[in-house]
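Read the structure below first, then the notes.
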Amino acid sequence: MGLSRPKILCSACLEHCNCRYDGSVIKNETIEKLKEYVDFVTVCPEMAIGLPSPREAIRIIKTDSGFKLVDSYKGTDRTPDMEKFMDGFFKENNQDEFDGVILKCKSPTCGLKDAKYYPSAGKVPSIDKTNGFFGGAIKSHFPNLPTEDDGRLMHFNIREHFLMSLFLHFEFRNVVSEVNTIKKISPLVAFHTKNKYLFMAYHQKALSQMGKIVANHEHHHPDEVLKLYEQAMLPIYSTYPNSGKNTNMLLHLFGYFKNELSKDEKSFFLDQLEQYQNKKIPFSSVLMIIRSWVIRFDEPYLKNQTIFNMFPTDLIEVTDSGKGL
Ligand code: SF4
């Protein structure tokens, strides 16, 4: 039986628990909406090492023997406890069980790369920024998982990319489980087919490599095909589409309808495409023109393409902090 919902590992103080140093919880609209579609596993490493909430804030300091996690004013060293907690956490939890990670930005514990570090405890200015202790460990133990922090998720493009990656990852985990059950790669072929134009928008080279892998001319065992395909798919998670790649993909889709459309319809589409390239209208506007033709001409191959439906539509709104990429 397939997996029912994507699973996200999340900092507990984001939308779930009053566990911050000041006893608060942080509201987050994206996480709130996601609750309807995904299962969250929450973790607060600071409370897991026995700290209360509220508590004295902690910080990272740079010492001769490396970074330490200490109470911001008293200077009590929390590093051994945090390392012990993380050892246990990564023994019990494996990246294969999750589809994504959302962590609290800027936290000395959960931050991904924007945690300030200081020369010492006490009233001193920070030196620079680095990985939070737990956030850094997530990156090295769960390297293949879509991972973001709440700050970056405020940016529309980053949020959209994270959601696409999350649902793609989940679907692929289902494919792995089906292939392992039936010992045939047909579910992987179906997955590749319906994601073709999504992959084309993200990474043309990865798409063609994945195509060769599913064709399986070498007659590899299904386990080996899955392994190769998963590796080849990694660039999709780490690349963002741009107007050149999107235009190329849209023109491929346009090709399906060239003989069905009137001259005016074609020139309207090409004009809209040019406006998209000149950043006058969003990508989704041009994609929706194509989608309307898929419906009108009942184009069977394109109907199920995930590029038209990467994730539940009510998960995304066009709000944007303007920061991020
Ligand atoms: S940032 Fe991490 S450690 Fe800090 S309160 Fe949130 S979950 Fe706990």
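Order determines the names: the first chain of the structure tokens is A, the second B, and so forth; residues in each chain are numbered 1 upward, and ligands are numbered 1 upward as they are shown.
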Sorted by chain and rising residue number, which residues of chain A lie within 7 Å of ligand 1, and what are their closest atom pairs and distances in Å to one decimal, counting only C-alpha atoms and all ligand atoms, as CSV?
```
residue,atom,partner,partner_atom_place_in_ligand_line,distance
A:Ser11,CA,ligand 1,7 (S),4.0
A:Ala12,CA,ligand 1,7 (S),4.5
A:Cys13,CA,ligand 1,6 (Fe),4.2
A:Leu14,CA,ligand 1,6 (Fe),6.7
A:Cys19,CA,ligand 1,5 (S),5.0
A:Arg20,CA,ligand 1,5 (S),3.7
A:Tyr21,CA,ligand 1,5 (S),6.2
A:Val43,CA,ligand 1,7 (S),5.9
A:Cys44,CA,ligand 1,7 (S),3.7
A:Pro45,CA,ligand 1,3 (S),4.8
A:Glu46,CA,ligand 1,3 (S),4.4
A:Met47,CA,ligand 1,8 (Fe),6.3
A:Lys104,CA,ligand 1,1 (S),4.9
A:Ser107,CA,ligand 1,1 (S),5.1
A:Thr109,CA,ligand 1,3 (S),5.3
A:Cys110,CA,ligand 1,2 (Fe),4.6
```
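Proximity of A:His192, A:Lys113, A:Lys68, A:Arg159 to Leu34 (chain A), computed with only C-alpha atoms, is greatest for A:Arg159.
The space separating CA of Asn144 (chain A) from CA of Ile185 (chain A) comes to 22.0 Å.
For the atom pair formed by CA of His169 (chain A) and CA of Leu112 (chain A), the distance is 20.5 Å, given to one decimal.
Those residues that approach Glu230 (chain A) to within 10 Å, counting only C-alpha atoms, are Asn144, His169, Phe172, Arg173, Val176, Met210, Glu224, Val225 and Pro235 of chain A; same-chain residues fewer than 5 positions away are not listed.
We find CA of Arg152 (chain A) and CA of Ile31 (chain A) to be spaced 13.0 Å apart.
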As a PDB file with C-alpha atoms, in the first residue's frame, list the residues of region 199-292 of chain A assigned to helix (DSSP H, G or I) by DSSP on the backbone atoms of this structure.
```
ATOM      1  CA  PHE A 199      11.709  18.024 -15.380  1.00  0.00           C
ATOM      2  CA  MET A 200      12.259  19.801 -18.689  1.00  0.00           C
ATOM      3  CA  ALA A 201      11.559  23.153 -17.016  1.00  0.00           C
ATOM      4  CA  TYR A 202      14.000  22.368 -14.234  1.00  0.00           C
ATOM      5  CA  GLN A 204      16.898  19.337 -19.467  1.00  0.00           C
ATOM      6  CA  LYS A 205      20.111  17.340 -19.005  1.00  0.00           C
ATOM      7  CA  ALA A 206      18.776  15.493 -15.951  1.00  0.00           C
ATOM      8  CA  LEU A 207      15.567  14.774 -17.877  1.00  0.00           C
ATOM      9  CA  SER A 208      17.422  13.104 -20.719  1.00  0.00           C
ATOM     10  CA  GLN A 209      19.624  11.127 -18.315  1.00  0.00           C
ATOM     11  CA  MET A 210      16.559   9.938 -16.383  1.00  0.00           C
ATOM     12  CA  GLY A 211      14.909   9.015 -19.710  1.00  0.00           C
ATOM     13  CA  LYS A 212      17.859   6.749 -20.568  1.00  0.00           C
ATOM     14  CA  ILE A 213      17.708   5.148 -17.114  1.00  0.00           C
ATOM     15  CA  VAL A 214      13.987   4.271 -17.338  1.00  0.00           C
ATOM     16  CA  ALA A 215      14.458   2.954 -20.880  1.00  0.00           C
ATOM     17  CA  PRO A 222      14.677  -2.735 -10.609  1.00  0.00           C
ATOM     18  CA  ASP A 223      16.647  -1.871  -7.417  1.00  0.00           C
ATOM     19  CA  GLU A 224      19.567  -0.664  -9.504  1.00  0.00           C
ATOM     20  CA  VAL A 225      17.285   1.335 -11.841  1.00  0.00           C
ATOM     21  CA  LEU A 226      15.716   3.078  -8.819  1.00  0.00           C
ATOM     22  CA  LYS A 227      19.117   3.892  -7.378  1.00  0.00           C
ATOM     23  CA  LEU A 228      20.402   5.346 -10.652  1.00  0.00           C
ATOM     24  CA  TYR A 229      17.190   7.290 -11.252  1.00  0.00           C
ATOM     25  CA  GLU A 230      17.172   8.779  -7.743  1.00  0.00           C
ATOM     26  CA  GLN A 231      20.756   9.988  -8.210  1.00  0.00           C
ATOM     27  CA  ALA A 232      19.968  11.465 -11.621  1.00  0.00           C
ATOM     28  CA  MET A 233      16.935  13.254 -10.174  1.00  0.00           C
ATOM     29  CA  LEU A 234      18.923  15.172  -7.523  1.00  0.00           C
ATOM     30  CA  PRO A 235      19.669  18.217  -9.731  1.00  0.00           C
ATOM     31  CA  ILE A 236      15.897  18.782 -10.043  1.00  0.00           C
ATOM     32  CA  TYR A 237      15.711  19.529  -6.312  1.00  0.00           C
ATOM     33  CA  SER A 238      18.668  21.883  -6.342  1.00  0.00           C
ATOM     34  CA  SER A 243      12.777  32.153 -18.115  1.00  0.00           C
ATOM     35  CA  GLY A 244      14.993  30.476 -20.765  1.00  0.00           C
ATOM     36  CA  LYS A 245      14.242  26.943 -19.533  1.00  0.00           C
ATOM     37  CA  ASN A 246      10.562  27.702 -19.012  1.00  0.00           C
ATOM     38  CA  THR A 247      10.292  29.204 -22.498  1.00  0.00           C
ATOM     39  CA  ASN A 248      11.877  26.128 -24.034  1.00  0.00           C
ATOM     40  CA  MET A 249       9.409  23.894 -22.173  1.00  0.00           C
ATOM     41  CA  LEU A 250       6.415  26.074 -23.115  1.00  0.00           C
ATOM     42  CA  LEU A 251       7.412  25.973 -26.789  1.00  0.00           C
ATOM     43  CA  HIS A 252       7.536  22.162 -26.620  1.00  0.00           C
ATOM     44  CA  LEU A 253       3.989  22.181 -25.198  1.00  0.00           C
ATOM     45  CA  PHE A 254       2.892  24.726 -27.810  1.00  0.00           C
ATOM     46  CA  GLY A 255       4.089  22.283 -30.492  1.00  0.00           C
ATOM     47  CA  LYS A 263      -3.251  32.354 -36.644  1.00  0.00           C
ATOM     48  CA  ASP A 264      -4.532  34.848 -34.078  1.00  0.00           C
ATOM     49  CA  GLU A 265      -4.375  32.336 -31.246  1.00  0.00           C
ATOM     50  CA  LYS A 266      -0.798  31.464 -32.113  1.00  0.00           C
ATOM     51  CA  SER A 267       0.276  35.071 -32.306  1.00  0.00           C
ATOM     52  CA  PHE A 268      -1.493  35.852 -29.011  1.00  0.00           C
ATOM     53  CA  PHE A 269       0.421  33.004 -27.342  1.00  0.00           C
ATOM     54  CA  LEU A 270       3.778  34.073 -28.772  1.00  0.00           C
ATOM     55  CA  ASP A 271       3.095  37.652 -27.707  1.00  0.00           C
ATOM     56  CA  GLN A 272       2.311  36.486 -24.140  1.00  0.00           C
ATOM     57  CA  LEU A 273       5.467  34.381 -24.151  1.00  0.00           C
ATOM     58  CA  GLU A 274       7.486  37.427 -25.103  1.00  0.00           C
ATOM     59  CA  GLN A 275       5.848  39.403 -22.299  1.00  0.00           C
ATOM     60  CA  TYR A 276       6.823  36.644 -19.866  1.00  0.00           C
ATOM     61  CA  GLN A 277      10.416  36.750 -21.128  1.00  0.00           C
ATOM     62  CA  PHE A 283       5.064  32.159 -15.958  1.00  0.00           C
ATOM     63  CA  SER A 284       1.738  30.804 -14.680  1.00  0.00           C
ATOM     64  CA  SER A 285      -0.238  33.076 -17.050  1.00  0.00           C
ATOM     65  CA  VAL A 286       1.414  31.555 -20.121  1.00  0.00           C
ATOM     66  CA  LEU A 287       1.189  28.038 -18.733  1.00  0.00           C
ATOM     67  CA  MET A 288      -2.550  28.515 -18.188  1.00  0.00           C
ATOM     68  CA  ILE A 289      -3.055  29.356 -21.859  1.00  0.00           C
ATOM     69  CA  ILE A 290      -1.543  25.971 -22.703  1.00  0.00           C
ATOM     70  CA  ARG A 291      -3.621  24.295 -20.036  1.00  0.00           C
ATOM     71  CA  SER A 292      -6.804  25.719 -21.537  1.00  0.00           C
TER      72      SER A 292
END
```
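The nearest approach to Asn93 (chain A) among the residues A:Tyr73, A:Lys33, A:His141, A:Glu15, with only C-alpha atoms taken into account, belongs to A:His141.
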Surrounding residues of Phe142 (chain A) excluding itself and chain neighbours under 5 positions, 10 Å, only C-alpha atoms, as an mmCIF file with N, CA and C atoms, in the first residue's frame:
```
data_model
loop_
_atom_site.group_PDB
_atom_site.id
_atom_site.type_symbol
_atom_site.label_atom_id
_atom_site.label_comp_id
_atom_site.auth_asym_id
_atom_site.auth_seq_id
_atom_site.Cartn_x
_atom_site.Cartn_y
_atom_site.Cartn_z
ATOM 1 N N PHE A 90 19.878 11.240 15.102
ATOM 2 C CA PHE A 90 20.226 10.731 13.770
ATOM 3 C C PHE A 90 20.395 9.208 13.744
ATOM 4 N N ASN A 93 16.411 8.513 13.382
ATOM 5 C CA ASN A 93 15.696 9.078 12.222
ATOM 6 C C ASN A 93 16.570 9.030 10.977
ATOM 7 N N ASN A 94 15.942 8.621 9.884
ATOM 8 C CA ASN A 94 16.654 8.470 8.621
ATOM 9 C C ASN A 94 15.986 9.353 7.563
ATOM 10 N N GLN A 95 16.782 9.896 6.649
ATOM 11 C CA GLN A 95 16.164 10.791 5.648
ATOM 12 C C GLN A 95 15.140 10.076 4.764
ATOM 13 N N ASP A 96 15.263 8.746 4.638
ATOM 14 C CA ASP A 96 14.316 8.012 3.784
ATOM 15 C C ASP A 96 12.879 8.055 4.302
ATOM 16 N N PHE A 98 11.383 10.810 5.412
ATOM 17 C CA PHE A 98 10.821 12.157 5.283
ATOM 18 C C PHE A 98 10.789 12.607 3.824
ATOM 19 N N GLY A 100 10.657 16.289 3.445
ATOM 20 C CA GLY A 100 11.172 17.656 3.502
ATOM 21 C C GLY A 100 11.429 18.081 4.938
ATOM 22 N N VAL A 101 12.134 19.207 5.065
ATOM 23 C CA VAL A 101 12.462 19.745 6.386
ATOM 24 C C VAL A 101 12.205 21.250 6.367
ATOM 25 N N GLY A 136 22.845 22.571 10.840
ATOM 26 C CA GLY A 136 24.036 22.111 10.110
ATOM 27 C C GLY A 136 24.060 20.594 10.040
ATOM 28 N N ALA A 137 23.685 19.949 11.152
ATOM 29 C CA ALA A 137 23.691 18.478 11.179
ATOM 30 C C ALA A 137 22.628 17.917 10.234
ATOM 31 N N THR A 147 15.041 21.094 1.889
ATOM 32 C CA THR A 147 15.152 21.701 3.224
ATOM 33 C C THR A 147 15.127 23.222 3.103
#
```
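Among the candidates A:Asp314, A:Glu218, A:Glu260, A:Asp99, the residue lying nearest to Leu3 (chain A) is A:Asp99 (atoms considered: only C-alpha atoms).
For the choices A:Glu36, A:Glu29, A:Glu178, A:Asp87, the atom-to-atom distance to Pro312 (chain A) is smallest for A:Glu36 when using only C-alpha atoms.
Note that DSSP on the backbone gives strand (DSSP E or B) to these residues of region 56-209 of chain A: Ile58, Arg59, Ile60, Ile61, Lys62, Thr63, Gly66, Phe67, Lys68, Leu69, Val70, Asp71, Asp77, Gly100, Val101, Ile102, Leu103, Ala115, Lys116, Tyr117, Tyr118, Asp128, Lys129, Thr130, Thr147, Glu148 and Asp149 of chain A.
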Output for the residues just chosen: C-alpha atoms as a tab-separated table (two decimals), in the first residue's frame:
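File produced: selection_20.tsv:
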```tsv
chain	number	residue	atom	x	y	z
A	58	ILE	CA	21.48	30.51	23.84
A	59	ARG	CA	24.09	31.50	21.27
A	60	ILE	CA	27.00	30.12	19.30
A	61	ILE	CA	30.48	31.26	20.33
A	62	LYS	CA	33.72	30.68	18.48
A	63	THR	CA	36.50	29.26	20.64
A	66	GLY	CA	35.63	25.31	17.50
A	67	PHE	CA	32.03	26.46	17.86
A	68	LYS	CA	30.22	25.99	21.19
A	69	LEU	CA	26.58	26.41	22.11
A	70	VAL	CA	26.28	28.37	25.36
A	71	ASP	CA	23.77	30.35	27.44
A	77	ASP	CA	28.16	25.19	27.85
A	100	GLY	CA	11.17	17.66	3.50
A	101	VAL	CA	12.46	19.75	6.39
A	102	ILE	CA	11.42	23.22	7.58
A	103	LEU	CA	13.59	24.83	10.24
A	115	ALA	CA	22.85	31.83	12.92
A	116	LYS	CA	25.03	34.60	14.38
A	117	TYR	CA	28.13	33.62	16.27
A	118	TYR	CA	29.95	35.64	18.90
A	128	ASP	CA	29.49	36.57	11.48
A	129	LYS	CA	26.93	33.88	10.60
A	130	THR	CA	27.14	30.11	10.41
A	147	THR	CA	15.15	21.70	3.22
A	148	GLU	CA	14.19	25.31	3.88
A	149	ASP	CA	13.79	27.74	6.74
```
